[in-house]
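Below is query-v8.cif, holding mmCIF, C-alpha atoms.
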data_structure
#
loop_
_atom_site.label_atom_id
_atom_site.label_comp_id
_atom_site.auth_asym_id
_atom_site.auth_seq_id
_atom_site.Cartn_x
_atom_site.Cartn_y
_atom_site.Cartn_z
CA MET A 1 88.04 144.94 101.23
CA ILE A 2 91.14 146.90 100.43
CA GLU A 3 93.69 146.70 97.69
CA ILE A 4 97.40 146.81 98.30
CA LEU A 5 99.58 147.88 95.42
CA CYS A 6 103.32 147.29 95.57
CA VAL A 7 106.35 147.28 93.30
CA PHE A 8 109.24 144.82 93.02
CA ASP A 9 112.36 144.24 90.99
CA HIS A 10 112.69 140.81 89.39
CA SER A 11 113.97 138.26 91.90
CA LEU A 12 112.97 135.01 93.54
CA PHE A 13 111.40 137.11 96.34
CA ILE A 14 108.41 137.81 94.09
CA GLU A 15 107.60 134.14 93.80
CA MET A 16 108.19 133.65 97.53
CA THR A 17 105.79 136.52 98.20
CA LEU A 18 103.12 134.95 96.01
CA ALA A 19 103.49 131.60 97.74
CA SER A 20 103.33 133.19 101.21
CA LEU A 21 100.27 135.22 100.27
CA MET A 22 98.44 132.00 99.46
CA ASP A 23 99.49 130.74 102.89
CA LEU A 24 97.87 133.79 104.46
CA GLY A 25 94.62 132.64 102.90
CA ILE A 26 94.45 135.09 100.02
CA GLU A 27 92.88 133.61 96.90
CA LYS A 28 94.80 133.47 93.65
CA GLU A 29 92.03 135.45 91.96
CA ASP A 30 92.69 138.31 94.36
CA ILE A 31 96.29 138.73 93.25
CA ILE A 32 97.33 140.22 89.97
CA ALA A 33 100.82 140.85 88.62
CA PHE A 34 101.73 143.45 86.03
CA THR A 35 105.13 143.46 84.40
CA LEU A 36 106.45 146.79 83.26
CA LYS A 37 107.91 147.35 79.83
CA GLN A 38 111.37 148.87 79.92
CA ARG A 39 111.88 152.29 78.50
CA PRO A 40 113.08 151.60 74.95
CA ASP A 41 116.06 153.93 75.11
CA GLU A 42 116.87 153.04 78.68
CA PRO A 43 120.60 153.22 79.35
CA ILE A 44 121.21 149.67 80.51
CA LEU A 45 122.49 149.33 84.08
CA PHE A 46 126.21 148.94 83.99
CA ASP A 47 126.73 146.57 81.17
CA SER A 48 124.12 144.87 79.06
CA LEU A 49 126.21 143.09 76.44
CA ASN A 50 123.16 143.20 74.29
CA TYR A 51 124.42 144.72 71.12
CA GLN A 52 121.01 145.49 69.78
CA ASP A 53 120.22 148.19 72.29
CA GLY A 54 122.94 148.38 74.83
CA THR A 55 126.56 148.88 75.47
CA SER A 56 129.35 146.87 76.90
CA LEU A 57 132.08 148.16 79.16
CA PHE A 58 134.02 144.95 79.45
CA ASP A 59 134.88 143.93 75.89
CA LEU A 60 137.66 146.35 75.17
CA ALA A 61 139.01 146.10 78.72
CA ALA A 62 139.45 142.32 78.52
CA ILE A 63 140.90 142.54 75.02
CA PHE A 64 143.46 145.22 75.93
CA ALA A 65 144.38 143.42 79.15
CA THR A 66 145.15 140.25 77.22
CA ILE A 67 147.18 141.92 74.48
CA LEU A 68 149.21 144.08 76.84
CA GLY A 69 149.61 141.14 79.23
CA VAL A 70 151.29 139.09 76.52
CA ILE A 71 153.51 141.95 75.38
CA GLY A 72 154.31 143.01 78.96
CA ALA A 73 155.24 139.50 80.03
CA SER A 74 157.46 139.10 76.98
CA ILE A 75 159.30 142.37 77.46
CA GLY A 76 159.39 141.86 81.23
CA PHE A 77 161.54 138.83 80.56
CA ARG A 78 164.38 141.26 79.84
CA LEU A 79 163.66 143.64 82.72
CA VAL A 80 164.63 143.40 86.38
CA TRP A 81 161.27 142.51 87.90
CA GLY A 82 160.65 139.72 85.43
CA PRO A 83 157.67 138.65 83.33
CA ILE A 84 155.12 138.10 86.10
CA VAL A 85 155.25 141.57 87.62
CA TRP A 86 155.47 143.31 84.25
CA GLY A 87 152.76 141.07 82.85
CA ILE A 88 150.44 142.04 85.67
CA ILE A 89 151.30 145.74 85.38
CA ALA A 90 150.73 145.68 81.62
CA SER A 91 147.47 143.71 81.94
CA THR A 92 146.10 146.05 84.57
CA SER A 93 146.93 149.17 82.61
CA GLY A 94 145.45 147.55 79.50
CA PHE A 95 142.27 146.75 81.38
CA LEU A 96 141.95 150.28 82.72
CA THR A 97 142.64 151.82 79.32
CA GLY A 98 140.06 149.64 77.61
CA PHE A 99 137.50 150.33 80.30
CA ALA A 100 138.13 154.08 80.13
CA ILE A 101 137.74 154.15 76.35
CA ASP A 102 134.50 152.15 76.46
CA TYR A 103 133.19 154.28 79.31
CA LEU A 104 133.89 157.56 77.55
CA LEU A 105 132.40 156.28 74.29
CA THR A 106 129.28 155.14 76.11
CA LYS A 107 128.96 158.43 77.92
CA THR A 108 129.14 160.48 74.78
CA ARG A 109 126.78 158.13 72.98
CA SER A 110 124.00 158.38 75.54
CA ARG A 111 123.79 161.66 77.35
CA MET A 112 121.18 160.27 79.68
CA SER A 113 121.81 160.56 83.36
CA ALA A 114 122.87 157.31 84.90
CA ARG A 115 120.32 155.43 86.87
CA PRO A 116 120.59 156.02 90.62
CA SER A 117 120.68 152.39 91.59
CA ALA A 118 120.74 148.94 90.11
CA VAL A 119 117.40 148.02 91.65
CA PHE A 120 114.52 149.09 89.50
CA PRO A 121 110.75 148.57 89.81
CA ARG A 122 109.74 146.15 87.10
CA VAL A 123 106.76 144.30 88.55
CA ILE A 124 103.57 145.65 90.12
CA LEU A 125 101.54 143.37 92.37
CA VAL A 126 97.97 144.20 93.31
CA ILE A 127 96.56 142.24 96.23
CA ARG A 128 92.93 142.38 97.32
CA CYS A 129 92.44 141.43 100.96
CA ARG A 130 90.36 142.08 104.05
CA ARG A 131 91.20 145.08 106.20
CA ASN A 132 92.29 142.88 109.10
CA GLN A 133 94.85 141.19 106.84
CA GLN A 134 96.48 144.47 105.90
CA ASN A 135 99.16 144.36 108.58
CA SER A 136 100.36 140.86 107.92
CA VAL A 137 100.36 141.40 104.14
CA GLU A 138 102.37 144.60 104.50
CA GLN A 139 104.89 142.93 106.75
CA LEU A 140 105.24 140.06 104.31
CA LEU A 141 105.85 142.44 101.42
CA TRP A 142 108.53 144.42 103.26
CA LYS A 143 110.20 141.22 104.38
CA ASN A 144 110.43 140.12 100.76
CA HIS A 145 112.08 143.34 99.61
CA ALA A 146 109.18 145.19 98.06
CA LEU A 147 110.45 148.54 96.82
CA GLY A 148 107.32 150.39 97.85
CA LEU A 149 103.60 149.93 98.49
CA THR A 150 100.36 151.80 98.87
CA VAL A 151 96.94 150.87 100.23
CA ILE A 152 93.77 151.68 98.30
CA ASP A 153 90.48 151.72 100.17
CA GLU A 154 87.54 150.67 98.10
CA MET B 1 106.80 123.14 71.38
CA ALA B 2 108.92 125.95 70.09
CA ARG B 3 111.18 125.13 67.14
CA ARG B 4 113.92 127.39 68.41
CA TYR B 5 114.52 128.42 71.98
CA LYS B 6 116.68 130.95 73.75
CA ALA B 7 118.00 128.83 76.58
CA VAL B 8 118.20 125.44 78.24
CA LEU B 9 119.11 124.66 81.80
CA ASN B 10 120.23 121.38 83.25
CA CYS B 11 122.82 119.89 85.55
CA PHE B 12 125.62 120.33 83.02
CA GLY B 13 125.08 124.01 82.70
CA THR B 14 123.00 126.72 81.18
CA SER B 15 123.21 127.30 77.46
CA GLN B 16 121.77 130.45 76.10
CA ILE B 17 121.78 132.38 72.86
CA HIS B 18 121.59 136.16 72.69
CA TYR B 19 122.87 138.88 70.43
CA ARG B 20 126.63 138.90 70.39
CA ASN B 21 129.20 140.92 68.56
CA PRO B 22 130.91 138.54 66.11
CA VAL B 23 134.10 140.62 66.24
CA VAL B 24 134.45 140.07 69.98
CA ILE B 25 133.96 136.32 69.63
CA ALA B 26 136.46 136.23 66.75
CA TRP B 27 138.93 138.14 68.91
CA TRP B 28 138.71 135.54 71.69
CA SER B 29 139.23 132.81 69.12
CA SER B 30 142.42 134.49 68.03
CA ALA B 31 143.62 134.99 71.60
CA LEU B 32 142.90 131.41 72.56
CA PRO B 33 141.68 129.18 69.70
CA GLY B 34 138.65 127.25 70.91
CA PHE B 35 137.65 129.80 73.49
CA GLY B 36 135.41 131.71 71.12
CA HIS B 37 133.43 128.51 70.60
CA MET B 38 133.22 127.94 74.35
CA LEU B 39 131.76 131.44 74.71
CA LEU B 40 129.08 130.36 72.23
CA ASN B 41 128.39 127.26 74.37
CA MET B 42 129.81 125.02 71.65
CA HIS B 43 131.65 122.95 74.20
CA ILE B 44 132.63 119.90 72.17
CA LYS B 45 134.00 121.93 69.29
CA GLY B 46 135.64 124.38 71.66
CA ASN B 47 137.38 121.75 73.74
CA ILE B 48 138.72 119.89 70.70
CA LEU B 49 140.09 123.10 69.25
CA PHE B 50 141.50 124.11 72.62
CA LEU B 51 143.33 120.82 72.95
CA CYS B 52 144.73 121.20 69.40
CA GLU B 53 145.82 124.75 70.16
CA ILE B 54 147.79 123.82 73.26
CA PHE B 55 149.35 120.79 71.60
CA LEU B 56 150.37 122.63 68.42
CA ASN B 57 151.54 125.69 70.29
CA VAL B 58 153.69 123.79 72.75
CA GLN B 59 155.06 121.48 70.05
CA SER B 60 156.17 124.32 67.81
CA ASN B 61 157.30 126.69 70.63
CA LEU B 62 155.09 129.41 69.25
CA ASN B 63 154.76 131.31 72.52
CA LEU B 64 158.49 131.24 73.07
CA ALA B 65 159.02 132.65 69.59
CA THR B 66 156.49 135.37 70.47
CA VAL B 67 158.54 136.31 73.52
CA TYR B 68 161.73 136.56 71.46
CA THR B 69 159.96 138.53 68.75
CA PHE B 70 158.68 141.10 71.24
CA THR B 71 162.14 141.43 72.76
CA GLY B 72 163.71 141.96 69.33
CA GLU B 73 165.70 138.74 69.18
CA PHE B 74 164.49 137.63 65.80
CA ASP B 75 167.22 135.09 65.21
CA LEU B 76 166.43 133.32 68.46
CA ALA B 77 162.74 133.37 67.54
CA LYS B 78 163.48 131.67 64.23
CA HIS B 79 165.74 129.22 65.95
CA VAL B 80 163.28 127.98 68.62
CA LEU B 81 160.36 127.44 66.23
CA ASN B 82 159.90 123.76 65.56
CA THR B 83 158.94 123.38 61.92
CA ARG B 84 157.60 119.87 62.32
CA LEU B 85 154.04 121.04 63.02
CA LEU B 86 154.32 124.80 62.59
CA ILE B 87 152.76 125.26 59.14
CA ILE B 88 149.65 123.29 60.02
CA TYR B 89 148.99 125.83 62.78
CA ILE B 90 148.14 128.51 60.22
CA PRO B 91 145.02 126.91 58.66
CA PHE B 92 143.98 125.74 62.11
CA TYR B 93 144.26 129.24 63.54
CA ILE B 94 142.40 130.91 60.67
CA PHE B 95 139.67 128.28 60.81
CA CYS B 96 139.05 128.92 64.52
CA ILE B 97 138.58 132.64 63.96
CA TRP B 98 136.52 132.25 60.82
CA ASP B 99 134.27 129.52 62.20
CA SER B 100 133.52 131.33 65.45
CA TYR B 101 132.72 134.55 63.56
CA ARG B 102 130.41 132.75 61.18
CA SER B 103 128.71 130.84 64.01
CA THR B 104 128.04 134.05 65.91
CA VAL B 105 126.39 135.67 62.91
CA ASP B 106 124.19 132.61 62.36
CA LEU B 107 123.31 132.33 66.04
CA ASN B 108 122.26 135.99 66.02
CA LYS B 109 119.82 135.16 63.22
CA ASN B 110 118.53 132.20 65.19
CA PHE B 111 118.08 134.41 68.24
CA PHE B 112 116.02 136.84 66.21
CA LEU B 113 113.70 133.94 65.33
CA ALA B 114 113.74 132.38 68.82
CA GLU B 115 112.62 135.65 70.37
CA LYS B 116 109.39 135.54 68.36
CA GLU B 117 108.43 132.19 69.82
CA PRO B 118 106.77 131.60 73.20
CA PHE B 119 109.32 131.45 75.96
CA GLU B 120 109.34 128.56 78.38
CA LEU B 121 112.28 127.40 80.43
CA PRO B 122 112.49 124.80 83.17
CA VAL B 123 114.06 126.80 86.01
CA PHE B 124 114.90 123.97 88.34
CA ASP B 125 116.71 120.72 87.66
CA MET B 126 117.59 118.22 90.31
CA SER B 127 119.04 114.81 89.65
CA ALA B 128 121.06 112.27 91.58
CA ILE B 129 124.30 114.02 90.65
CA GLU B 130 123.59 117.72 90.82
CA VAL B 131 121.13 120.46 91.77
CA CYS B 132 120.73 123.39 89.50
CA PHE B 133 118.38 126.37 89.44
CA LEU B 134 117.94 129.71 87.77
CA ASP B 135 118.36 132.78 89.96
CA LYS B 136 120.15 136.10 89.98
CA ARG B 137 123.86 136.20 90.63
CA VAL B 138 126.45 138.93 90.97
CA PRO B 139 128.41 139.50 87.72
CA TRP B 140 131.51 141.07 89.26
CA ALA B 141 131.80 138.27 91.81
CA ALA B 142 131.90 135.74 88.97
CA GLY B 143 134.53 137.83 87.19
CA VAL B 144 136.74 138.12 90.27
CA TRP B 145 136.57 134.40 91.04
CA SER B 146 137.70 133.62 87.52
CA LEU B 147 140.50 136.18 87.74
CA LEU B 148 141.76 134.41 90.85
CA PHE B 149 141.37 130.95 89.39
CA PRO B 150 139.89 130.47 85.91
CA GLY B 151 136.94 128.12 86.22
CA LEU B 152 135.68 129.19 89.64
CA GLY B 153 133.52 131.96 88.22
CA GLN B 154 132.07 129.41 85.81
CA LEU B 155 131.27 127.06 88.69
CA TYR B 156 129.52 129.98 90.38
CA ASN B 157 127.34 130.71 87.37
CA ARG B 158 126.46 127.10 86.52
CA ARG B 159 128.68 126.49 83.49
CA ILE B 160 130.05 123.15 84.56
CA ILE B 161 131.67 122.12 81.28
CA THR B 162 133.49 125.42 80.76
CA ALA B 163 134.49 125.34 84.42
CA PHE B 164 135.88 121.84 84.09
CA ALA B 165 137.91 122.67 80.97
CA LEU B 166 139.27 125.89 82.46
CA LEU B 167 140.16 124.33 85.81
CA ILE B 168 142.10 121.52 84.15
CA TRP B 169 143.98 123.79 81.77
CA MET B 170 144.69 126.25 84.57
CA LEU B 171 146.29 123.45 86.58
CA VAL B 172 148.30 122.16 83.61
CA ILE B 173 149.50 125.64 82.67
CA THR B 174 150.31 126.61 86.27
CA TYR B 175 152.28 123.41 86.76
CA ASN B 176 154.25 123.66 83.53
CA SER B 177 154.93 127.39 83.65
CA HIS B 178 156.44 127.23 87.18
CA TYR B 179 154.69 130.50 87.81
CA LEU B 180 153.93 129.86 91.48
CA ASP B 181 157.56 128.82 92.13
CA SER B 182 158.56 132.08 90.56
CA VAL B 183 156.18 134.13 92.71
CA HIS B 184 157.55 132.32 95.74
CA LEU B 185 161.14 133.21 94.81
CA LEU B 186 160.09 136.77 94.07
CA PHE B 187 158.77 137.12 97.61
CA TYR B 188 162.07 135.84 98.91
CA GLY B 189 163.80 138.66 97.04
CA LYS B 190 165.43 136.57 94.35
CA PRO B 191 164.26 138.17 91.08
CA GLY B 192 167.03 136.58 89.05
CA GLU B 193 166.19 133.02 90.00
CA ALA B 194 162.48 133.82 89.78
CA LYS B 195 162.97 134.73 86.15
CA GLU B 196 165.07 131.72 85.30
CA ILE B 197 162.68 129.15 86.68
CA LEU B 198 159.78 130.37 84.50
CA ASN B 199 158.83 128.45 81.39
CA MET B 200 157.84 131.22 78.98
CA GLU B 201 156.24 128.84 76.49
CA TRP B 202 153.60 127.92 79.06
CA LEU B 203 153.46 131.24 80.89
CA LEU B 204 152.25 133.07 77.82
CA PHE B 205 148.97 131.16 77.88
CA PHE B 206 148.10 132.99 81.10
CA PRO B 207 146.84 136.39 79.95
CA SER B 208 144.34 134.91 77.48
CA LEU B 209 143.25 132.19 79.87
CA VAL B 210 142.73 134.43 82.90
CA PHE B 211 141.10 137.36 81.14
CA GLY B 212 139.13 135.11 78.83
CA ALA B 213 137.75 133.25 81.83
CA ALA B 214 136.94 136.48 83.66
CA PHE B 215 135.21 137.91 80.60
CA ASP B 216 133.21 134.72 80.14
CA ALA B 217 132.19 134.56 83.81
CA TYR B 218 131.17 138.19 83.96
CA SER B 219 129.29 138.42 80.68
CA LYS B 220 127.53 135.10 81.15
CA THR B 221 126.31 136.13 84.60
CA VAL B 222 124.88 139.34 83.14
CA GLU B 223 123.09 137.31 80.48
CA HIS B 224 121.81 134.72 82.96
CA ASN B 225 120.33 137.50 85.07
CA LYS B 226 118.54 138.84 82.04
CA LEU B 227 117.31 135.32 81.34
CA PHE B 228 115.92 135.15 84.88
CA ASP B 229 114.06 138.44 84.38
CA SER B 230 112.50 137.40 81.11
CA GLU B 231 111.51 133.97 82.38
CA GLN B 232 109.88 135.45 85.49
CA ARG B 233 108.13 138.01 83.35
CA ALA B 234 106.68 135.29 81.14
CA TYR B 235 105.61 133.31 84.22
CA LEU B 236 103.90 136.25 85.94
CA GLU B 237 102.08 137.23 82.79
CA LYS B 238 100.87 133.70 82.25
CA GLU B 239 100.00 132.59 85.79
CA TRP B 240 99.17 135.75 87.73
CA HIS B 241 97.14 137.75 85.33
CA SER B 242 93.67 136.29 85.51
CA GLU B 243 91.00 137.87 83.36
CA SER B 244 88.38 137.78 86.12
CA THR B 245 90.31 140.21 88.28
CA HIS B 246 89.45 143.64 87.09
CA ILE B 247 91.24 146.71 88.29
CA SER B 248 90.66 149.87 86.43
CA PHE B 249 88.95 153.21 86.73
CA ILE B 250 86.77 152.23 83.81
CA LYS B 251 83.58 150.75 85.20
CA LYS B 252 82.42 147.44 83.82
CA GLY B 253 80.29 147.80 80.75
CA GLU B 254 81.18 151.47 80.34
CA GLN B 255 81.92 152.72 76.86
CA PRO B 256 85.53 153.93 76.60
#
Same coordinates, now as structure tokens:
Amino acid sequence: MIEILCVFDHSLFIEMTLASLMDLGIEKEDIIAFTLKQRPDEPILFDSLNYQDGTSLFDLAAIFATILGVIGASIGFRLVWGPIVWGIIASTSGFLTGFAIDYLLTKTRSRMSARPSAVFPRVILVIRCRRNQQNSVEQLLWKNHALGLTVIDE
Amino acid sequence: MARRYKAVLNCFGTSQIHYRNPVVIAWWSSALPGFGHMLLNMHIKGNILFLCEIFLNVQSNLNLATVYTFTGEFDLAKHVLNTRLLIIYIPFYIFCIWDSYRSTVDLNKNFFLAEKEPFELPVFDMSAIEVCFLDKRVPWAAGVWSLLFPGLGQLYNRRIITAFALLIWMLVITYNSHYLDSVHLLFYGKPGEAKEILNMEWLLFFPSLVFGAAFDAYSKTVEHNKLFDSEQRAYLEKEWHSESTHISFIKKGEQP
């Protein structure tokens, strides 16, 4: 018997993997899933909107875009291009300003380096199987977007 | 059965509570009364307030007065305001902001309690009229769809009632503001006529509607994805973590 250890991010692929492993004839008792705790001070992906521990990069942007959109459209009524064009210009610049302010604030607040990618290992699966099943299990895992795997010989 | 829960999912949408900043919700209530409540998934309250807002605003020409105020024509602003319903708008407006702020604070307390309880969520709901399931979706795609047409992003992330309200109001506002006619004329190089055809009273609903919808679509997709993660986590820990399977370097029976 060997054990295959692999890591996944949360997605429906995990559950599809588990279902397919049963199809391959692997018993439920031979599969175990560990879920990883997140680092408590982890800088959340791009935008967590969870005000307890995270930051949001979209609040101020949407607020500024709306305010400047209203003002821009109103003033644009008097200008050559009219309210629509000026409204859009004002909204866009409001959005960018709000985003920039939030971004800079977030950056100074957490000096941590940004995470390299949005995909992150959060689940570890350990599968015990026979040596002659190794190939098909590995293929199944790769097909279902495992982030990495290793084989442990007992 | 848990007394409080974080989320429900069915054909009419996904409702979810999580920590929210009351100031942001209050802001959206002031931009578009009723919308703050919709962000909190209080759809009945939100839609009633939204209807009142559009009725009162259009009746008293409030947006038009805003346009004149911003362009410095204060006399015209005073002139266009219809006093028949104007004063009643003030308590209505303050109530929307106050009530959404208060609700957010109370929901945050409820979320604190709900998080302590065991988490179970049906992730799949199929009925004769709709199919609905929990999975991960792309936040920026939801945001962009709602920027293009408020309501589409909400359809994408399973918020049917918000989507329905936004789609209808988007159609009403587009129709009454003549904004597409104006864009058409603009492309034909007639900026003067393009300006004249616009109805500013209705056009001024646009910024709040479009950006509000985009904000809602984006932030709700982020939260739904987090909901997916925590539900799957709970499932894996419950179903795929049998005690009999033992992997560890510590041998059975060994003293730690």
Next on the checklist: Could you list, as number ranges by chain, every residue within 6 Å of Phe124 in chain B, counting all atoms listed in the file and ignoring same-chain residues fewer than 2 positions away?
Outcome noted: B: 122, 132-133
For those residues, write C-alpha atoms to a file as an mmCIF file, keeping the file's coordinate frame.
data_model
loop_
_atom_site.group_PDB
_atom_site.id
_atom_site.type_symbol
_atom_site.label_atom_id
_atom_site.label_comp_id
_atom_site.auth_asym_id
_atom_site.auth_seq_id
_atom_site.Cartn_x
_atom_site.Cartn_y
_atom_site.Cartn_z
ATOM 1 C CA PRO B 122 112.490 124.800 83.170
ATOM 2 C CA CYS B 132 120.730 123.390 89.500
ATOM 3 C CA PHE B 133 118.380 126.370 89.440
#
Checklist entry - What lies within 12 Å of Ile90 in chain B using all atoms listed in the file, ignoring chain neighbours under 5 positions off, as a list in words? => result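 Listing them by chain and then by number gives Ser30, Pro33, Glu53, Leu56, Asn57, Ser60, Leu62, Leu85, Phe95, Cys96 and Ile97 of chain B.
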Next on the checklist: Residues within 12 Å of (163.2, 140.9, 86.2), file coordinates, counting all atoms listed in the file: what are they? Give the list as a PyMOL selection string.
Outcome noted: (chain A and resi 72-87) or (chain B and resi 182-183+185-186+189-198)
Next on the checklist: So the first atom is CA of Asn144 in chain A and the second is CA of Met16 in chain A; what is the distance between them in Å, to one decimal place?
Outcome noted: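 Atom-to-atom, CA of Asn144 in chain A to CA of Met16 in chain A, that is 7.6 Å.
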Item to check | Hits of the PyMOL selection byres ((chain A and resi 95) around 8) in this structure, as number ranges by chain | outcome: A: 60-65, 91-94, 96-99
Name the residues captured by the PyMOL selection byres ((chain A and resi 150) around 9) when it is applied to the shown file; answer as a JSON list (two decimals) with C-alpha atoms, in the frame of the given file.
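Output (expr-v3.json):
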[["chain", "number", "residue", "atom", "x", "y", "z"],
["A", 3, "GLU", "CA", 93.69, 146.70, 97.69],
["A", 4, "ILE", "CA", 97.40, 146.81, 98.30],
["A", 5, "LEU", "CA", 99.58, 147.88, 95.42],
["A", 6, "CYS", "CA", 103.32, 147.29, 95.57],
["A", 148, "GLY", "CA", 107.32, 150.39, 97.85],
["A", 149, "LEU", "CA", 103.60, 149.93, 98.49],
["A", 151, "VAL", "CA", 96.94, 150.87, 100.23],
["A", 152, "ILE", "CA", 93.77, 151.68, 98.30]]
Next on the checklist: Please report the interatomic distance between CA of Ala217 in chain B and CA of Ser146 in chain B in Å with one decimal.
Outcome noted: 6.7 Å
Checklist entry - To one decimal place, how far is CA of Gln139 in chain A from CA of Asp30 in chain A in Å? => result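 One can read the CA of Gln139 in chain A to CA of Asp30 in chain A distance as 18.0 Å.
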Checklist entry - Could you write out as a VMD selection string the residues of chain B within 8 Å of chain A, counting only C-alpha atoms? => result chain B and resid 18 to 21 24 27 31 66 to 68 70 to 71 135 to 136 179 183 191 to 192 194 to 195 204 207 to 208 211 to 212 215 219 222 to 223 228 to 229 232 to 233 236 to 237 240 to 242 244 to 245
Name all residues at most 12 Å from Val172 in chain B (count all atoms listed in the file; drop same-chain ones fewer than 5 positions away) and give them as a short mmCIF file (atom, residue, chain, number, x, y, z; two decimals) with C-alpha atoms, in the coordinates of the input.
data_model
loop_
_atom_site.label_atom_id
_atom_site.label_comp_id
_atom_site.auth_asym_id
_atom_site.auth_seq_id
_atom_site.Cartn_x
_atom_site.Cartn_y
_atom_site.Cartn_z
CA LEU B 51 143.33 120.82 72.95
CA ILE B 54 147.79 123.82 73.26
CA ALA B 165 137.91 122.67 80.97
CA LEU B 166 139.27 125.89 82.46
CA LEU B 167 140.16 124.33 85.81
CA SER B 177 154.93 127.39 83.65
CA HIS B 178 156.44 127.23 87.18
CA TYR B 179 154.69 130.50 87.81
CA TRP B 202 153.60 127.92 79.06
CA LEU B 203 153.46 131.24 80.89
CA PHE B 205 148.97 131.16 77.88
CA PHE B 206 148.10 132.99 81.10
CA LEU B 209 143.25 132.19 79.87
#
